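J.: One file: target-v3.cif (mmCIF, C-alpha atoms).
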```
data_target
loop_
_atom_site.label_atom_id
_atom_site.label_comp_id
_atom_site.auth_asym_id
_atom_site.auth_seq_id
_atom_site.Cartn_x
_atom_site.Cartn_y
_atom_site.Cartn_z
CA MET A 1 6.48 51.32 10.27
CA LYS A 2 7.62 51.90 6.68
CA GLY A 3 10.72 54.08 6.49
CA LEU A 4 11.64 53.81 10.18
CA ILE A 5 15.21 55.01 10.71
CA GLY A 6 17.22 53.58 13.59
CA VAL A 7 19.80 55.81 15.26
CA LEU A 8 22.67 53.87 16.82
CA GLY A 9 23.70 56.58 19.25
CA GLY A 10 25.03 57.14 22.75
CA MET A 11 28.50 57.97 21.34
CA GLY A 12 28.07 60.44 22.96
CA PRO A 13 24.62 61.43 24.20
CA ALA A 14 25.00 65.10 23.19
CA ALA A 15 25.73 64.06 19.60
CA THR A 16 22.66 61.82 19.68
CA VAL A 17 20.49 64.72 20.83
CA ASP A 18 21.99 66.81 18.03
CA ILE A 19 21.10 64.32 15.28
CA PHE A 20 17.55 64.07 16.63
CA ASN A 21 17.21 67.87 16.64
CA LYS A 22 18.53 68.05 13.09
CA PHE A 23 16.10 65.44 11.79
CA VAL A 24 13.30 67.58 13.24
CA SER A 25 14.62 70.96 12.09
CA PHE A 26 15.67 69.80 8.59
CA THR A 27 12.27 68.26 7.78
CA ALA A 28 9.51 70.24 6.06
CA ALA A 29 6.66 68.97 8.23
CA GLY A 30 3.34 70.65 8.95
CA SER A 31 2.35 68.31 11.77
CA ASP A 32 3.75 65.69 14.12
CA GLN A 33 2.67 62.94 11.75
CA GLU A 34 4.69 64.36 8.84
CA HIS A 35 8.08 64.07 10.59
CA ILE A 36 10.62 61.33 9.90
CA PRO A 37 9.99 58.25 12.07
CA LEU A 38 13.02 57.56 14.24
CA MET A 39 13.96 54.95 16.80
CA ILE A 40 16.91 56.08 18.89
CA SER A 41 19.30 53.90 20.85
CA SER A 42 21.31 56.05 23.24
CA ILE A 43 22.83 53.49 25.56
CA PRO A 44 26.15 55.06 26.60
CA ASP A 45 27.97 51.96 27.86
CA ILE A 46 29.64 51.44 24.46
CA PRO A 47 33.41 51.61 25.14
CA ASP A 48 35.25 54.76 24.11
CA ARG A 49 36.24 54.47 20.46
CA THR A 50 39.47 56.45 20.75
CA GLN A 51 40.60 54.45 23.77
CA ALA A 52 39.90 51.22 21.89
CA LEU A 53 41.86 52.21 18.79
CA LEU A 54 44.82 54.00 20.32
CA HIS A 55 45.20 52.71 23.87
CA ASN A 56 44.17 49.03 23.75
CA GLY A 57 40.81 49.73 25.36
CA ASN A 58 37.81 47.45 25.08
CA SER A 59 36.38 47.14 21.57
CA PRO A 60 33.02 48.89 21.08
CA LEU A 61 32.10 46.52 18.25
CA PRO A 62 30.23 43.83 20.25
CA LEU A 63 27.89 46.31 21.90
CA MET A 64 27.43 48.30 18.69
CA GLU A 65 26.37 45.09 16.94
CA ASP A 66 24.04 44.21 19.82
CA TYR A 67 22.27 47.57 19.77
CA LEU A 68 22.21 47.55 15.97
CA HIS A 69 20.34 44.24 15.99
CA ARG A 70 17.93 45.54 18.63
CA LEU A 71 17.05 48.42 16.31
CA GLU A 72 16.54 45.96 13.45
CA VAL A 73 14.30 43.71 15.54
CA ALA A 74 12.29 46.78 16.56
CA GLY A 75 11.60 47.53 12.90
CA ALA A 76 14.30 49.91 11.70
CA GLU A 77 14.77 49.80 7.93
CA CYS A 78 17.81 52.08 7.82
CA ILE A 79 20.59 52.65 10.35
CA VAL A 80 22.55 55.83 10.97
CA ILE A 81 25.43 56.16 13.44
CA PRO A 82 26.16 59.67 14.74
CA CYS A 83 29.78 58.95 15.62
CA ASN A 84 32.61 59.38 13.13
CA THR A 85 35.21 57.32 14.98
CA ALA A 86 32.76 54.40 15.21
CA HIS A 87 32.92 54.25 11.42
CA TYR A 88 36.30 52.56 11.71
CA TRP A 89 34.11 49.47 12.28
CA TYR A 90 31.63 50.41 9.53
CA SER A 91 32.50 47.45 7.29
CA GLU A 92 31.97 44.94 10.10
CA LEU A 93 28.72 46.61 11.15
CA LYS A 94 27.44 46.70 7.59
CA LYS A 95 28.14 42.98 7.17
CA ALA A 96 26.23 42.28 10.38
CA CYS A 97 23.35 44.56 9.39
CA HIS A 98 20.31 43.22 7.53
CA VAL A 99 18.95 46.61 6.46
CA GLU A 100 20.26 49.76 4.79
CA MET A 101 23.09 51.58 6.56
CA LEU A 102 24.35 55.07 5.74
CA SER A 103 27.99 56.08 6.22
CA ILE A 104 28.69 59.45 7.80
CA ILE A 105 32.11 59.47 6.13
CA GLU A 106 30.58 59.03 2.67
CA THR A 107 27.85 61.62 3.21
CA THR A 108 30.32 64.17 4.57
CA MET A 109 32.82 63.63 1.80
CA GLY A 110 30.04 64.03 -0.75
CA GLU A 111 29.34 67.48 0.65
CA ALA A 112 33.04 68.32 0.86
CA LYS A 113 33.44 67.49 -2.81
CA ALA A 114 30.35 69.50 -3.73
CA SER A 115 31.62 72.54 -1.81
CA GLY A 116 34.11 73.36 -4.56
CA LYS A 117 36.82 73.98 -1.94
CA THR A 118 40.21 72.34 -2.27
CA HIS A 119 41.87 73.27 1.05
CA ILE A 120 39.91 71.34 3.66
CA GLY A 121 40.43 71.80 7.39
CA LEU A 122 39.62 68.85 9.63
CA LEU A 123 38.53 68.71 13.25
CA ALA A 124 38.22 65.13 14.50
CA THR A 125 39.25 62.80 17.31
CA ASN A 126 42.77 61.44 17.60
CA ALA A 127 41.54 58.02 16.50
CA THR A 128 39.67 59.32 13.45
CA LEU A 129 42.87 61.11 12.41
CA ALA A 130 45.10 58.13 13.19
CA MET A 131 42.91 55.82 11.11
CA GLY A 132 42.85 58.31 8.23
CA LEU A 133 39.08 58.10 7.91
CA TYR A 134 38.90 61.55 6.33
CA GLN A 135 42.45 62.39 5.27
CA LYS A 136 42.62 59.49 2.80
CA ASN A 137 39.36 60.55 1.20
CA ILE A 138 40.26 64.24 1.07
CA GLU A 139 43.69 63.62 -0.38
CA GLY A 140 42.26 61.01 -2.74
CA LEU A 141 40.23 63.78 -4.34
CA GLY A 142 43.43 65.75 -4.89
CA PHE A 143 42.55 68.21 -2.13
CA LYS A 144 44.78 69.46 0.68
CA CYS A 145 43.85 68.30 4.18
CA ILE A 146 44.81 70.68 7.00
CA ASN A 147 44.85 69.17 10.50
CA PRO A 148 45.71 70.86 13.79
CA ASP A 149 49.31 70.49 14.92
CA GLN A 150 49.86 68.24 17.93
CA PRO A 151 49.34 70.90 20.63
CA GLY A 152 46.24 72.03 18.78
CA GLN A 153 44.95 68.47 18.47
CA ASP A 154 45.42 68.02 22.20
CA LYS A 155 43.09 70.98 22.69
CA VAL A 156 40.57 69.53 20.25
CA MET A 157 40.41 66.37 22.33
CA GLU A 158 40.23 68.36 25.56
CA SER A 159 37.33 70.32 24.09
CA ILE A 160 35.47 67.15 23.09
CA TYR A 161 35.86 65.56 26.52
CA ARG A 162 34.88 68.82 28.25
CA LEU A 163 31.62 68.72 26.31
CA LYS A 164 31.08 65.11 27.32
CA ALA A 165 31.57 66.24 30.94
CA GLY A 166 29.08 69.10 30.55
CA ASN A 167 31.61 71.98 30.48
CA ILE A 168 30.22 73.63 27.37
CA ALA A 169 31.77 77.09 27.77
CA GLN A 170 35.26 75.64 28.14
CA ALA A 171 34.68 73.32 25.20
CA GLU A 172 33.58 76.24 23.01
CA SER A 173 36.62 78.34 23.88
CA LEU A 174 39.09 75.56 23.16
CA MET A 175 37.50 74.59 19.84
CA ALA A 176 37.07 78.18 18.61
CA GLU A 177 40.82 78.65 18.93
CA GLN A 178 41.49 75.67 16.69
CA VAL A 179 38.94 76.86 14.12
CA ALA A 180 40.72 80.21 13.87
CA THR A 181 44.10 78.49 13.55
CA LEU A 182 42.96 76.23 10.70
CA PHE A 183 41.62 79.18 8.74
CA GLN A 184 44.87 81.07 9.37
CA ARG A 185 46.75 78.10 7.92
CA GLY A 186 44.78 78.25 4.70
CA ALA A 187 41.64 76.17 5.20
CA GLU A 188 38.78 77.31 2.96
CA VAL A 189 36.20 75.21 4.79
CA ILE A 190 36.39 72.92 7.82
CA VAL A 191 35.01 69.39 8.01
CA LEU A 192 33.59 68.76 11.47
CA GLY A 193 34.62 65.12 11.57
CA CYS A 194 33.44 64.40 15.10
CA THR A 195 29.77 64.60 15.99
CA GLU A 196 30.51 66.44 19.24
CA VAL A 197 32.18 69.28 17.33
CA PRO A 198 28.97 70.64 15.71
CA VAL A 199 27.46 70.77 19.20
CA ILE A 200 30.46 72.70 20.51
CA LEU A 201 30.50 75.07 17.54
CA ALA A 202 26.72 75.47 17.19
CA LYS A 203 26.80 79.26 17.66
CA GLU A 204 29.59 79.77 15.14
CA ILE A 205 27.95 77.44 12.60
CA LYS A 206 24.71 79.42 12.88
CA GLN A 207 26.57 82.67 12.17
CA HIS A 208 28.82 81.31 9.38
CA PRO A 209 27.37 78.08 7.96
CA GLU A 210 29.42 78.44 4.77
CA LYS A 211 32.63 77.90 6.75
CA PHE A 212 31.79 74.38 7.91
CA ILE A 213 30.81 70.94 6.65
CA ASP A 214 28.88 69.42 9.52
CA SER A 215 29.14 65.62 9.41
CA THR A 216 25.97 65.16 11.47
CA ALA A 217 24.02 67.47 9.18
CA SER A 218 25.27 65.59 6.11
CA LEU A 219 24.10 62.29 7.60
CA VAL A 220 20.68 63.72 8.43
CA ARG A 221 20.22 65.08 4.91
CA ALA A 222 21.12 61.67 3.51
CA GLY A 223 18.69 60.04 5.92
CA ILE A 224 15.85 62.30 4.85
CA ARG A 225 16.61 61.61 1.18
CA TRP A 226 16.58 57.87 1.94
CA TYR A 227 13.19 58.24 3.64
CA GLU A 228 11.78 60.22 0.72
CA LYS A 229 12.77 57.43 -1.67
CA ARG A 230 11.50 54.71 0.66
CA VAL A 231 8.00 56.16 1.08
CA GLY A 232 7.68 57.88 -2.28
CA LYS A 233 7.62 61.45 -0.99
CA THR A 234 9.49 64.53 -2.16
CA ASP A 235 10.34 67.99 -0.84
CA LEU A 236 10.75 66.87 2.78
CA LEU A 237 14.28 68.24 3.07
CA LEU A 238 14.45 71.90 4.04
#
```
Please, can you express the file's structure as structure tokens?

T.:
Amino acid sequence: MKGLIGVLGGMGPAATVDIFNKFVSFTAAGSDQEHIPLMISSIPDIPDRTQALLHNGNSPLPLMEDYLHRLEVAGAECIVIPCNTAHYWYSELKKACHVEMLSIIETTMGEAKASGKTHIGLLATNATLAMGLYQKNIEGLGFKCINPDQPGQDKVMESIYRLKAGNIAQAESLMAEQVATLFQRGAEVIVLGCTEVPVILAKEIKQHPEKFIDSTASLVRAGIRWYEKRVGKTDLLL
């Protein structure tokens, strides 16, 4: 199918559900047939990215490449990966990929730059922070990057893993505290640099969308624009 987008997901499943929901809700479609065609891989046996980068865990790269190629063989013409930390391996994946691939880091930073804000808060996994996936880009633009302090970052990670375990209320409480702290420390807008975080903060994002740059949402918007160009359509993005 022309314009088929492959979603290399499962990292984690809740983030994969979120990107699917956003493709549906962000598309101006009047019928089933007018929606963006997606093929979703949500096979959750890919090793934990943070464990791999910071604690000598198994590398997720071999399985990510395997599932990427399965999406290609199935007909995907563009690949999106709803996991920020997985983008540490983006260069290797892109070399292995035979079709278009969109970077969640690039799409998110494009929206951060367009926001006009210069004091950028950042909520992300320990590994994403340790690898500087966002800080280097934010500071490279001459902006100030505001991360949680270590106790706060510990709570960010606890919140993310509580969501993965299905404890949504606890995850929301922990993350809301860190949001408030970042704004108190001078953040003008907060980059949600982990795809679980928009799920955790869904209620707050709905109430105050101007306060956040949702990495999953940025990737979906880029995916819809790619599809428009691929099939020669316009005005699909709500």

J.: Using all atoms listed in the file for the distances, tell me which of A:Tyr161, A:Tyr227, A:Tyr67, A:Tyr134 is nearest to Ile190 (chain A).

T.: A:Tyr134

J.: Applied to the shown file, which residues does the PyMOL selection byres ((chain A and resi 89-91) around 10) return, written as a ChimeraX atom specification?

T.: /A:49,59-61,64,81,84-88,92-97,101-105

J.: If I take CA of Val156 (chain A) and CA of Thr216 (chain A), how far is one from the other in Å, to one decimal?

T.: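 A separation of 17.6 Å between them.
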
J.: On this structure, which residues satisfy the PyMOL selection byres ((chain A and resi 152) around 10), written as a ChimeraX atom specification?

T.: /A:147-151,153-158,174-175,177-179,181-182

J.: May I have the residues at most 10 Å from (23.7, 67.2, 13.6) in the file's coordinates, counting only C-alpha atoms, as a ChimeraX atom specification?

T.: /A:14-23,25-26,82,195-199,202,214-221

J.: Under the rule that all atoms listed in the file are counted, which of A:Glu34, A:Glu228, A:Asp45, A:Asp235 is the nearest residue to Gly9 (chain A)?

T.: A:Asp45

J.: Which residues fall under the PyMOL selection byres ((chain A and resi 135-145) around 9) in this file, as a list of chain:residue names?

T.: A:Ile105, A:Met109, A:Ala112, A:Lys113, A:Lys117, A:Thr118, A:His119, A:Ile120, A:Gly121, A:Leu122, A:Leu129, A:Met131, A:Gly132, A:Leu133, A:Tyr134, A:Ile146, A:Asn147, A:Ala187

J.: Restricted to C-alpha atoms, what would the selected residues look like written as a PDB file, keeping the file's coordinate frame?

T.:
```pdb
ATOM      1  CA  ILE A 105      32.110  59.470   6.130  1.00  0.00           C
ATOM      2  CA  MET A 109      32.820  63.630   1.800  1.00  0.00           C
ATOM      3  CA  ALA A 112      33.040  68.320   0.860  1.00  0.00           C
ATOM      4  CA  LYS A 113      33.440  67.490  -2.810  1.00  0.00           C
ATOM      5  CA  LYS A 117      36.820  73.980  -1.940  1.00  0.00           C
ATOM      6  CA  THR A 118      40.210  72.340  -2.270  1.00  0.00           C
ATOM      7  CA  HIS A 119      41.870  73.270   1.050  1.00  0.00           C
ATOM      8  CA  ILE A 120      39.910  71.340   3.660  1.00  0.00           C
ATOM      9  CA  GLY A 121      40.430  71.800   7.390  1.00  0.00           C
ATOM     10  CA  LEU A 122      39.620  68.850   9.630  1.00  0.00           C
ATOM     11  CA  LEU A 129      42.870  61.110  12.410  1.00  0.00           C
ATOM     12  CA  MET A 131      42.910  55.820  11.110  1.00  0.00           C
ATOM     13  CA  GLY A 132      42.850  58.310   8.230  1.00  0.00           C
ATOM     14  CA  LEU A 133      39.080  58.100   7.910  1.00  0.00           C
ATOM     15  CA  TYR A 134      38.900  61.550   6.330  1.00  0.00           C
ATOM     16  CA  ILE A 146      44.810  70.680   7.000  1.00  0.00           C
ATOM     17  CA  ASN A 147      44.850  69.170  10.500  1.00  0.00           C
ATOM     18  CA  ALA A 187      41.640  76.170   5.200  1.00  0.00           C
TER      19      ALA A 187
END
```

J.: Grab the CA of Arg162 (chain A) to CA of Pro209 (chain A) distance for me, in Å with one decimal place.

T.: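 If I compute the distance from CA of Arg162 (chain A) to CA of Pro209 (chain A), I get 23.5 Å.
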
J.: As a PyMOL selection string, please: the residues near Gln51 (chain A) (cut-off 10 Å, all atoms listed in the file, same-chain neighbours under 5 positions excluded).

T.: chain A and resi 56-60+126-127

J.: Please return as a ChimeraX atom specification every residue within 12 Å of (10.2, 54.1, 0.2), taking into account all atoms listed in the file and the file's own coordinates.

T.: /A:1-5,77-78,100,223-234

J.: Measure the distance from CA of Gly166 (chain A) to CA of Gly12 (chain A) in Å and round it to one decimal.

T.: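 For CA of Gly166 (chain A) relative to CA of Gly12 (chain A), the distance reads 11.6 Å.
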
J.: Measuring atom to atom with only C-alpha atoms, identify which of A:Val99, A:Leu53, A:Ile213, A:Ala171 is nearest to Ala114 (chain A).

T.: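 Selected residue with least distance to Ala114 (chain A): A:Ile213.
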
J.: Restricting the calculation to only C-alpha atoms: of A:Met11, A:Thr108, A:Ile36, A:Thr27, which residue gets closest to Leu63 (chain A)?

T.: A:Met11

J.: N, CA, C and O atoms are needed for region 137-162 of chain A; please write them out as a PDB file, in the frame of the given file.

T.:
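Output file selection.pdb follows:
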```pdb
ATOM      1  N   ASN A 137      40.384  60.157   2.151  1.00  0.00           N
ATOM      2  CA  ASN A 137      39.360  60.550   1.200  1.00  0.00           C
ATOM      3  C   ASN A 137      39.606  61.949   0.637  1.00  0.00           C
ATOM      4  O   ASN A 137      39.436  62.189  -0.559  1.00  0.00           O
ATOM      5  N   ILE A 138      39.995  62.869   1.508  1.00  0.00           N
ATOM      6  CA  ILE A 138      40.260  64.240   1.070  1.00  0.00           C
ATOM      7  C   ILE A 138      41.425  64.276   0.096  1.00  0.00           C
ATOM      8  O   ILE A 138      41.353  64.869  -0.985  1.00  0.00           O
ATOM      9  N   GLU A 139      42.503  63.627   0.475  1.00  0.00           N
ATOM     10  CA  GLU A 139      43.690  63.620  -0.380  1.00  0.00           C
ATOM     11  C   GLU A 139      43.452  62.804  -1.649  1.00  0.00           C
ATOM     12  O   GLU A 139      44.028  63.090  -2.701  1.00  0.00           O
ATOM     13  N   GLY A 140      42.588  61.800  -1.565  1.00  0.00           N
ATOM     14  CA  GLY A 140      42.260  61.010  -2.740  1.00  0.00           C
ATOM     15  C   GLY A 140      41.537  61.806  -3.813  1.00  0.00           C
ATOM     16  O   GLY A 140      41.571  61.448  -4.996  1.00  0.00           O
ATOM     17  N   LEU A 141      40.891  62.885  -3.395  1.00  0.00           N
ATOM     18  CA  LEU A 141      40.230  63.780  -4.340  1.00  0.00           C
ATOM     19  C   LEU A 141      41.201  64.814  -4.911  1.00  0.00           C
ATOM     20  O   LEU A 141      40.826  65.627  -5.754  1.00  0.00           O
ATOM     21  N   GLY A 142      42.451  64.765  -4.454  1.00  0.00           N
ATOM     22  CA  GLY A 142      43.430  65.750  -4.890  1.00  0.00           C
ATOM     23  C   GLY A 142      43.383  67.032  -4.098  1.00  0.00           C
ATOM     24  O   GLY A 142      43.987  68.037  -4.484  1.00  0.00           O
ATOM     25  N   PHE A 143      42.674  67.031  -2.959  1.00  0.00           N
ATOM     26  CA  PHE A 143      42.550  68.210  -2.130  1.00  0.00           C
ATOM     27  C   PHE A 143      43.631  68.202  -1.045  1.00  0.00           C
ATOM     28  O   PHE A 143      44.237  67.168  -0.753  1.00  0.00           O
ATOM     29  N   LYS A 144      43.838  69.343  -0.434  1.00  0.00           N
ATOM     30  CA  LYS A 144      44.780  69.460   0.680  1.00  0.00           C
ATOM     31  C   LYS A 144      44.010  69.344   1.988  1.00  0.00           C
ATOM     32  O   LYS A 144      43.001  70.029   2.178  1.00  0.00           O
ATOM     33  N   CYS A 145      44.470  68.477   2.874  1.00  0.00           N
ATOM     34  CA  CYS A 145      43.850  68.300   4.180  1.00  0.00           C
ATOM     35  C   CYS A 145      44.706  69.013   5.229  1.00  0.00           C
ATOM     36  O   CYS A 145      45.916  68.758   5.329  1.00  0.00           O
ATOM     37  N   ILE A 146      44.094  69.887   6.001  1.00  0.00           N
ATOM     38  CA  ILE A 146      44.810  70.680   7.000  1.00  0.00           C
ATOM     39  C   ILE A 146      44.308  70.289   8.388  1.00  0.00           C
ATOM     40  O   ILE A 146      43.168  70.586   8.773  1.00  0.00           O
ATOM     41  N   ASN A 147      45.172  69.602   9.138  1.00  0.00           N
ATOM     42  CA  ASN A 147      44.850  69.170  10.500  1.00  0.00           C
ATOM     43  C   ASN A 147      45.493  70.112  11.508  1.00  0.00           C
ATOM     44  O   ASN A 147      46.488  70.769  11.209  1.00  0.00           O
ATOM     45  N   PRO A 148      45.000  70.148  12.730  1.00  0.00           N
ATOM     46  CA  PRO A 148      45.710  70.860  13.790  1.00  0.00           C
ATOM     47  C   PRO A 148      47.089  70.253  14.022  1.00  0.00           C
ATOM     48  O   PRO A 148      47.295  69.050  13.770  1.00  0.00           O
ATOM     49  N   ASP A 149      48.037  71.062  14.492  1.00  0.00           N
ATOM     50  CA  ASP A 149      49.310  70.490  14.920  1.00  0.00           C
ATOM     51  C   ASP A 149      49.070  69.745  16.236  1.00  0.00           C
ATOM     52  O   ASP A 149      47.953  69.746  16.768  1.00  0.00           O
ATOM     53  N   GLN A 150      50.092  69.090  16.763  1.00  0.00           N
ATOM     54  CA  GLN A 150      49.860  68.240  17.930  1.00  0.00           C
ATOM     55  C   GLN A 150      49.330  68.994  19.140  1.00  0.00           C
ATOM     56  O   GLN A 150      48.368  68.540  19.779  1.00  0.00           O
ATOM     57  N   PRO A 151      49.925  70.166  19.496  1.00  0.00           N
ATOM     58  CA  PRO A 151      49.340  70.900  20.630  1.00  0.00           C
ATOM     59  C   PRO A 151      47.886  71.302  20.368  1.00  0.00           C
ATOM     60  O   PRO A 151      47.045  71.253  21.271  1.00  0.00           O
ATOM     61  N   GLY A 152      47.613  71.681  19.120  1.00  0.00           N
ATOM     62  CA  GLY A 152      46.240  72.030  18.780  1.00  0.00           C
ATOM     63  C   GLY A 152      45.311  70.843  18.862  1.00  0.00           C
ATOM     64  O   GLY A 152      44.170  70.947  19.337  1.00  0.00           O
ATOM     65  N   GLN A 153      45.771  69.677  18.411  1.00  0.00           N
ATOM     66  CA  GLN A 153      44.950  68.470  18.470  1.00  0.00           C
ATOM     67  C   GLN A 153      44.676  68.065  19.913  1.00  0.00           C
ATOM     68  O   GLN A 153      43.594  67.570  20.236  1.00  0.00           O
ATOM     69  N   ASP A 154      45.650  68.290  20.783  1.00  0.00           N
ATOM     70  CA  ASP A 154      45.420  68.020  22.200  1.00  0.00           C
ATOM     71  C   ASP A 154      44.268  68.865  22.735  1.00  0.00           C
ATOM     72  O   ASP A 154      43.444  68.396  23.534  1.00  0.00           O
ATOM     73  N   LYS A 155      44.178  70.100  22.256  1.00  0.00           N
ATOM     74  CA  LYS A 155      43.090  70.980  22.690  1.00  0.00           C
ATOM     75  C   LYS A 155      41.763  70.570  22.084  1.00  0.00           C
ATOM     76  O   LYS A 155      40.708  70.732  22.712  1.00  0.00           O
ATOM     77  N   VAL A 156      41.796  70.055  20.854  1.00  0.00           N
ATOM     78  CA  VAL A 156      40.570  69.530  20.250  1.00  0.00           C
ATOM     79  C   VAL A 156      40.012  68.409  21.114  1.00  0.00           C
ATOM     80  O   VAL A 156      38.811  68.370  21.424  1.00  0.00           O
ATOM     81  N   MET A 157      40.877  67.483  21.509  1.00  0.00           N
ATOM     82  CA  MET A 157      40.410  66.370  22.330  1.00  0.00           C
ATOM     83  C   MET A 157      39.945  66.846  23.704  1.00  0.00           C
ATOM     84  O   MET A 157      38.939  66.351  24.236  1.00  0.00           O
ATOM     85  N   GLU A 158      40.658  67.820  24.266  1.00  0.00           N
ATOM     86  CA  GLU A 158      40.230  68.360  25.560  1.00  0.00           C
ATOM     87  C   GLU A 158      38.846  68.991  25.425  1.00  0.00           C
ATOM     88  O   GLU A 158      37.982  68.811  26.293  1.00  0.00           O
ATOM     89  N   SER A 159      38.632  69.694  24.334  1.00  0.00           N
ATOM     90  CA  SER A 159      37.330  70.320  24.090  1.00  0.00           C
ATOM     91  C   SER A 159      36.223  69.267  24.006  1.00  0.00           C
ATOM     92  O   SER A 159      35.149  69.417  24.615  1.00  0.00           O
ATOM     93  N   ILE A 160      36.479  68.203  23.260  1.00  0.00           N
ATOM     94  CA  ILE A 160      35.470  67.150  23.090  1.00  0.00           C
ATOM     95  C   ILE A 160      35.119  66.511  24.431  1.00  0.00           C
ATOM     96  O   ILE A 160      33.940  66.318  24.770  1.00  0.00           O
ATOM     97  N   TYR A 161      36.130  66.212  25.241  1.00  0.00           N
ATOM     98  CA  TYR A 161      35.860  65.560  26.520  1.00  0.00           C
ATOM     99  C   TYR A 161      35.267  66.537  27.537  1.00  0.00           C
ATOM    100  O   TYR A 161      34.526  66.120  28.440  1.00  0.00           O
ATOM    101  N   ARG A 162      35.544  67.825  27.382  1.00  0.00           N
ATOM    102  CA  ARG A 162      34.880  68.820  28.250  1.00  0.00           C
ATOM    103  C   ARG A 162      33.392  68.861  27.944  1.00  0.00           C
ATOM    104  O   ARG A 162      32.564  68.983  28.846  1.00  0.00           O
TER     105      ARG A 162
END
```
